[in-house]
file coords28.cif (mmCIF, C-alpha atoms)
data_protein
#
loop_
_atom_site.group_PDB
_atom_site.id
_atom_site.type_symbol
_atom_site.label_atom_id
_atom_site.label_comp_id
_atom_site.auth_asym_id
_atom_site.auth_seq_id
_atom_site.Cartn_x
_atom_site.Cartn_y
_atom_site.Cartn_z
ATOM 1 C CA MET A 18 109.342 -114.355 -143.345
ATOM 2 C CA ALA A 19 111.127 -111.453 -145.019
ATOM 3 C CA THR A 20 111.390 -113.418 -148.243
ATOM 4 C CA ALA A 21 107.634 -114.098 -148.194
ATOM 5 C CA GLN A 22 106.915 -110.361 -147.938
ATOM 6 C CA GLN A 23 109.402 -109.567 -150.681
ATOM 7 C CA SER A 24 107.928 -112.149 -153.030
ATOM 8 C CA ALA A 25 104.384 -110.951 -152.308
ATOM 9 C CA GLN A 26 105.129 -107.498 -153.702
ATOM 10 C CA PRO A 27 104.975 -107.248 -157.479
ATOM 11 C CA TYR A 28 108.094 -106.410 -159.419
ATOM 12 C CA LEU A 29 107.881 -102.794 -160.551
ATOM 13 C CA GLY A 30 111.204 -102.757 -162.426
ATOM 14 C CA ASN A 31 110.419 -100.693 -165.534
ATOM 15 C CA SER A 32 106.991 -99.428 -164.577
ATOM 16 C CA PHE A 33 108.177 -95.807 -164.522
ATOM 17 C CA ASP A 34 109.745 -96.228 -167.953
ATOM 18 C CA SER A 35 106.603 -97.772 -169.384
ATOM 19 C CA ILE A 36 104.409 -95.108 -167.802
ATOM 20 C CA SER A 37 106.560 -92.294 -169.125
ATOM 21 C CA SER A 38 106.723 -93.879 -172.590
ATOM 22 C CA LYS A 39 102.934 -94.305 -172.596
ATOM 23 C CA ARG A 40 102.537 -90.699 -171.508
ATOM 24 C CA ALA A 41 104.924 -89.523 -174.242
ATOM 25 C CA ALA A 42 103.074 -91.588 -176.855
ATOM 26 C CA GLU A 43 99.735 -90.168 -175.705
ATOM 27 C CA GLN A 44 101.084 -86.613 -175.826
ATOM 28 C CA ALA A 45 102.406 -87.196 -179.346
ATOM 29 C CA ARG A 46 99.036 -88.610 -180.404
ATOM 30 C CA LEU A 47 97.197 -85.626 -178.944
ATOM 31 C CA GLN A 48 99.607 -83.218 -180.652
ATOM 32 C CA ARG A 49 98.965 -84.892 -184.036
ATOM 33 C CA GLU A 50 95.220 -84.729 -183.424
ATOM 34 C CA ARG A 51 95.456 -81.006 -182.611
ATOM 35 C CA GLN A 52 97.469 -80.466 -185.803
ATOM 36 C CA ARG A 53 94.840 -82.334 -187.834
ATOM 37 C CA GLN A 54 92.075 -80.261 -186.299
ATOM 38 C CA ALA A 55 93.910 -76.989 -187.015
ATOM 39 C CA LEU A 56 94.552 -78.034 -190.616
ATOM 40 C CA ARG A 57 90.902 -79.021 -191.080
ATOM 41 C CA LEU A 58 89.821 -75.602 -189.796
ATOM 42 C CA GLN A 59 92.225 -73.879 -192.197
ATOM 43 C CA LYS A 60 90.904 -76.006 -195.052
ATOM 44 C CA GLU A 61 87.317 -75.161 -194.129
ATOM 45 C CA ASN A 62 88.198 -71.468 -194.025
ATOM 46 C CA ILE A 63 89.822 -71.594 -197.456
ATOM 47 C CA LEU A 64 86.910 -73.499 -198.960
ATOM 48 C CA SER A 65 84.446 -70.961 -197.578
ATOM 49 C CA GLN A 66 86.178 -68.017 -199.266
ATOM 50 C CA ARG A 67 84.798 -66.825 -202.575
ATOM 51 C CA THR A 68 86.797 -64.646 -204.904
ATOM 52 C CA SER A 69 86.780 -63.604 -208.524
ATOM 53 C CA ASN A 70 90.366 -62.369 -208.412
ATOM 54 C CA PRO A 71 92.483 -64.937 -210.311
ATOM 55 C CA ALA A 72 95.627 -64.243 -208.265
ATOM 56 C CA ARG A 73 93.745 -64.670 -205.005
ATOM 57 C CA ARG A 74 92.097 -67.841 -206.299
ATOM 58 C CA ALA A 75 95.509 -69.272 -207.269
ATOM 59 C CA ALA A 76 96.875 -68.469 -203.814
ATOM 60 C CA LEU A 77 93.901 -70.166 -202.155
ATOM 61 C CA GLU A 78 94.286 -73.242 -204.365
ATOM 62 C CA SER A 79 97.979 -73.414 -203.505
ATOM 63 C CA ALA A 80 97.261 -73.090 -199.790
ATOM 64 C CA LEU A 81 94.582 -75.759 -200.046
ATOM 65 C CA ALA A 82 96.971 -78.149 -201.799
ATOM 66 C CA GLN A 83 99.576 -77.547 -199.102
ATOM 67 C CA ILE A 84 97.068 -78.195 -196.308
ATOM 68 C CA GLU A 85 95.831 -81.384 -197.978
ATOM 69 C CA ALA A 86 99.425 -82.594 -198.322
ATOM 70 C CA GLN A 87 100.036 -81.940 -194.630
ATOM 71 C CA LEU A 88 96.833 -83.793 -193.711
ATOM 72 C CA ALA A 89 97.879 -86.749 -195.860
ATOM 73 C CA GLU A 90 101.286 -86.722 -194.167
ATOM 74 C CA LEU A 91 99.642 -86.874 -190.737
ATOM 75 C CA GLY A 92 97.546 -89.799 -191.854
#
call {"tool": "encode", "arguments": {"input": "coords28.cif", "output": "structure tokens"}}
result
Amino acid sequence: MATAQQSAQPYLGNSFDSISSKRAAEQARLQRERQRQALRLQKENILSQRTSNPARRAALESALAQIEAQLAELG
């Protein structure tokens, strides 16, 4: 009878490992999504700025290139 009860319960061997790995993967995915969103907001801010100062324009173009590279890196 004891063996029937033991066999009726599912084997939970690595369920905690799989749950924690799924949780870690989800947290990593959410972190990347937050990074993408922050970079998109920075890009939008840079694109909305207007300037006639050539030094300022060069700095904005450089910042924009850096942000686009980071976005490409994130996928």
call {"tool": "axis_aligned_box", "arguments": {"input": "coords28.cif", "around": "region 40-57 of chain A", "padding_each_side": "4 Å", "output": "JSON"}}
result
{"center_x": 97.9, "center_y": -84.3, "center_z": -181.3, "size_x": 22.0, "size_y": 22.6, "size_z": 27.6}
call {"tool": "closest_residue", "arguments": {"input": "coords28.cif", "among": "A:Arg53, A:Lys60, A:Arg67, A:Arg74", "to": "Ala89 (chain A)", "atoms": "all atoms listed in the file"}}
result
A:Arg53
call {"tool": "atom_distance", "arguments": {"input": "coords28.cif", "atom1": "CA of Ile36 (chain A)", "atom2": "CA of Ala55 (chain A)"}}
result
28.4 Å
call {"tool": "residues_around", "arguments": {"input": "coords28.cif", "residues": "Glu85 (chain A)", "least_positions_apart": "4", "cutoff": "9 Å", "atoms": "only C-alpha atoms", "output": "MDAnalysis selection string"}}
result
chainID A and resid 56:57 60 80:81 89:90
call {"tool": "write_last_selection", "arguments": {"input": "coords28.cif", "atoms": "C-alpha atoms", "output": "CSV table (one decimal), keeping the file's coordinate frame"}}
result
chain,number,residue,atom,x,y,z
A,56,LEU,CA,94.6,-78.0,-190.6
A,57,ARG,CA,90.9,-79.0,-191.1
A,60,LYS,CA,90.9,-76.0,-195.1
A,80,ALA,CA,97.3,-73.1,-199.8
A,81,LEU,CA,94.6,-75.8,-200.0
A,89,ALA,CA,97.9,-86.7,-195.9
A,90,GLU,CA,101.3,-86.7,-194.2
call {"tool": "atom_distance", "arguments": {"input": "coords28.cif", "atom1": "CA of Ala45 (chain A)", "atom2": "CA of Leu88 (chain A)"}}
result
15.8 Å
call {"tool": "atom_distance", "arguments": {"input": "coords28.cif", "atom1": "CA of Glu61 (chain A)", "atom2": "CA of Ile84 (chain A)"}}
result
10.4 Å
call {"tool": "closest_residue", "arguments": {"input": "coords28.cif", "among": "A:Ile63, A:Gly92, A:Ala41, A:Arg46", "to": "Glu78 (chain A)", "atoms": "all atoms listed in the file"}}
result
A:Ile63
call {"tool": "build_atoms", "arguments": {"input": "coords28.cif", "residues": "region 55-73 of chain A", "atoms": "N, CA, C and O atoms", "output": "PDB file, in the frame of the given file"}}
result
ATOM      1  N   ALA A  55      93.546 -78.328-186.542  1.00  0.00           N
ATOM      2  CA  ALA A  55      93.910 -76.989-187.015  1.00  0.00           C
ATOM      3  C   ALA A  55      93.947 -76.954-188.543  1.00  0.00           C
ATOM      4  O   ALA A  55      93.464 -75.986-189.168  1.00  0.00           O
ATOM      5  N   LEU A  56      94.494 -77.987-189.156  1.00  0.00           N
ATOM      6  CA  LEU A  56      94.552 -78.034-190.616  1.00  0.00           C
ATOM      7  C   LEU A  56      93.158 -78.142-191.222  1.00  0.00           C
ATOM      8  O   LEU A  56      92.856 -77.519-192.244  1.00  0.00           O
ATOM      9  N   ARG A  57      92.280 -78.912-190.584  1.00  0.00           N
ATOM     10  CA  ARG A  57      90.902 -79.021-191.080  1.00  0.00           C
ATOM     11  C   ARG A  57      90.184 -77.675-191.000  1.00  0.00           C
ATOM     12  O   ARG A  57      89.415 -77.320-191.904  1.00  0.00           O
ATOM     13  N   LEU A  58      90.432 -76.929-189.926  1.00  0.00           N
ATOM     14  CA  LEU A  58      89.821 -75.602-189.796  1.00  0.00           C
ATOM     15  C   LEU A  58      90.349 -74.654-190.868  1.00  0.00           C
ATOM     16  O   LEU A  58      89.585 -73.865-191.442  1.00  0.00           O
ATOM     17  N   GLN A  59      91.647 -74.718-191.142  1.00  0.00           N
ATOM     18  CA  GLN A  59      92.225 -73.879-192.197  1.00  0.00           C
ATOM     19  C   GLN A  59      91.623 -74.244-193.548  1.00  0.00           C
ATOM     20  O   GLN A  59      91.297 -73.361-194.353  1.00  0.00           O
ATOM     21  N   LYS A  60      91.480 -75.541-193.792  1.00  0.00           N
ATOM     22  CA  LYS A  60      90.904 -76.006-195.052  1.00  0.00           C
ATOM     23  C   LYS A  60      89.465 -75.513-195.189  1.00  0.00           C
ATOM     24  O   LYS A  60      89.065 -75.024-196.246  1.00  0.00           O
ATOM     25  N   GLU A  61      88.706 -75.625-194.117  1.00  0.00           N
ATOM     26  CA  GLU A  61      87.317 -75.161-194.129  1.00  0.00           C
ATOM     27  C   GLU A  61      87.252 -73.663-194.403  1.00  0.00           C
ATOM     28  O   GLU A  61      86.403 -73.198-195.176  1.00  0.00           O
ATOM     29  N   ASN A  62      88.152 -72.909-193.814  1.00  0.00           N
ATOM     30  CA  ASN A  62      88.198 -71.468-194.025  1.00  0.00           C
ATOM     31  C   ASN A  62      88.499 -71.146-195.484  1.00  0.00           C
ATOM     32  O   ASN A  62      87.860 -70.276-196.085  1.00  0.00           O
ATOM     33  N   ILE A  63      89.468 -71.838-196.057  1.00  0.00           N
ATOM     34  CA  ILE A  63      89.822 -71.594-197.456  1.00  0.00           C
ATOM     35  C   ILE A  63      88.658 -71.944-198.375  1.00  0.00           C
ATOM     36  O   ILE A  63      88.340 -71.205-199.314  1.00  0.00           O
ATOM     37  N   LEU A  64      88.020 -73.078-198.110  1.00  0.00           N
ATOM     38  CA  LEU A  64      86.910 -73.499-198.960  1.00  0.00           C
ATOM     39  C   LEU A  64      85.710 -72.558-198.859  1.00  0.00           C
ATOM     40  O   LEU A  64      84.914 -72.458-199.801  1.00  0.00           O
ATOM     41  N   SER A  65      85.583 -71.865-197.752  1.00  0.00           N
ATOM     42  CA  SER A  65      84.446 -70.961-197.578  1.00  0.00           C
ATOM     43  C   SER A  65      84.659 -69.608-198.255  1.00  0.00           C
ATOM     44  O   SER A  65      83.705 -68.858-198.433  1.00  0.00           O
ATOM     45  N   GLN A  66      85.885 -69.315-198.649  1.00  0.00           N
ATOM     46  CA  GLN A  66      86.178 -68.017-199.266  1.00  0.00           C
ATOM     47  C   GLN A  66      85.811 -68.037-200.741  1.00  0.00           C
ATOM     48  O   GLN A  66      86.106 -68.981-201.458  1.00  0.00           O
ATOM     49  N   ARG A  67      85.172 -66.986-201.168  1.00  0.00           N
ATOM     50  CA  ARG A  67      84.798 -66.825-202.575  1.00  0.00           C
ATOM     51  C   ARG A  67      85.544 -65.611-203.118  1.00  0.00           C
ATOM     52  O   ARG A  67      85.610 -64.567-202.470  1.00  0.00           O
ATOM     53  N   THR A  68      86.099 -65.769-204.307  1.00  0.00           N
ATOM     54  CA  THR A  68      86.797 -64.646-204.904  1.00  0.00           C
ATOM     55  C   THR A  68      86.748 -64.754-206.414  1.00  0.00           C
ATOM     56  O   THR A  68      86.740 -65.854-206.977  1.00  0.00           O
ATOM     57  N   SER A  69      86.722 -63.621-207.064  1.00  0.00           N
ATOM     58  CA  SER A  69      86.780 -63.604-208.524  1.00  0.00           C
ATOM     59  C   SER A  69      88.167 -63.184-208.996  1.00  0.00           C
ATOM     60  O   SER A  69      88.455 -63.254-210.187  1.00  0.00           O
ATOM     61  N   ASN A  70      89.006 -62.772-208.077  1.00  0.00           N
ATOM     62  CA  ASN A  70      90.366 -62.369-208.412  1.00  0.00           C
ATOM     63  C   ASN A  70      91.204 -63.623-208.718  1.00  0.00           C
ATOM     64  O   ASN A  70      91.390 -64.478-207.844  1.00  0.00           O
ATOM     65  N   PRO A  71      91.735 -63.725-209.940  1.00  0.00           N
ATOM     66  CA  PRO A  71      92.483 -64.937-210.311  1.00  0.00           C
ATOM     67  C   PRO A  71      93.743 -65.163-209.468  1.00  0.00           C
ATOM     68  O   PRO A  71      94.073 -66.309-209.145  1.00  0.00           O
ATOM     69  N   ALA A  72      94.418 -64.103-209.087  1.00  0.00           N
ATOM     70  CA  ALA A  72      95.627 -64.243-208.265  1.00  0.00           C
ATOM     71  C   ALA A  72      95.261 -64.760-206.878  1.00  0.00           C
ATOM     72  O   ALA A  72      95.941 -65.642-206.329  1.00  0.00           O
ATOM     73  N   ARG A  73      94.208 -64.226-206.327  1.00  0.00           N
ATOM     74  CA  ARG A  73      93.745 -64.670-205.005  1.00  0.00           C
ATOM     75  C   ARG A  73      93.280 -66.124-205.070  1.00  0.00           C
ATOM     76  O   ARG A  73      93.563 -66.926-204.179  1.00  0.00           O
TER      77      ARG A  73
END
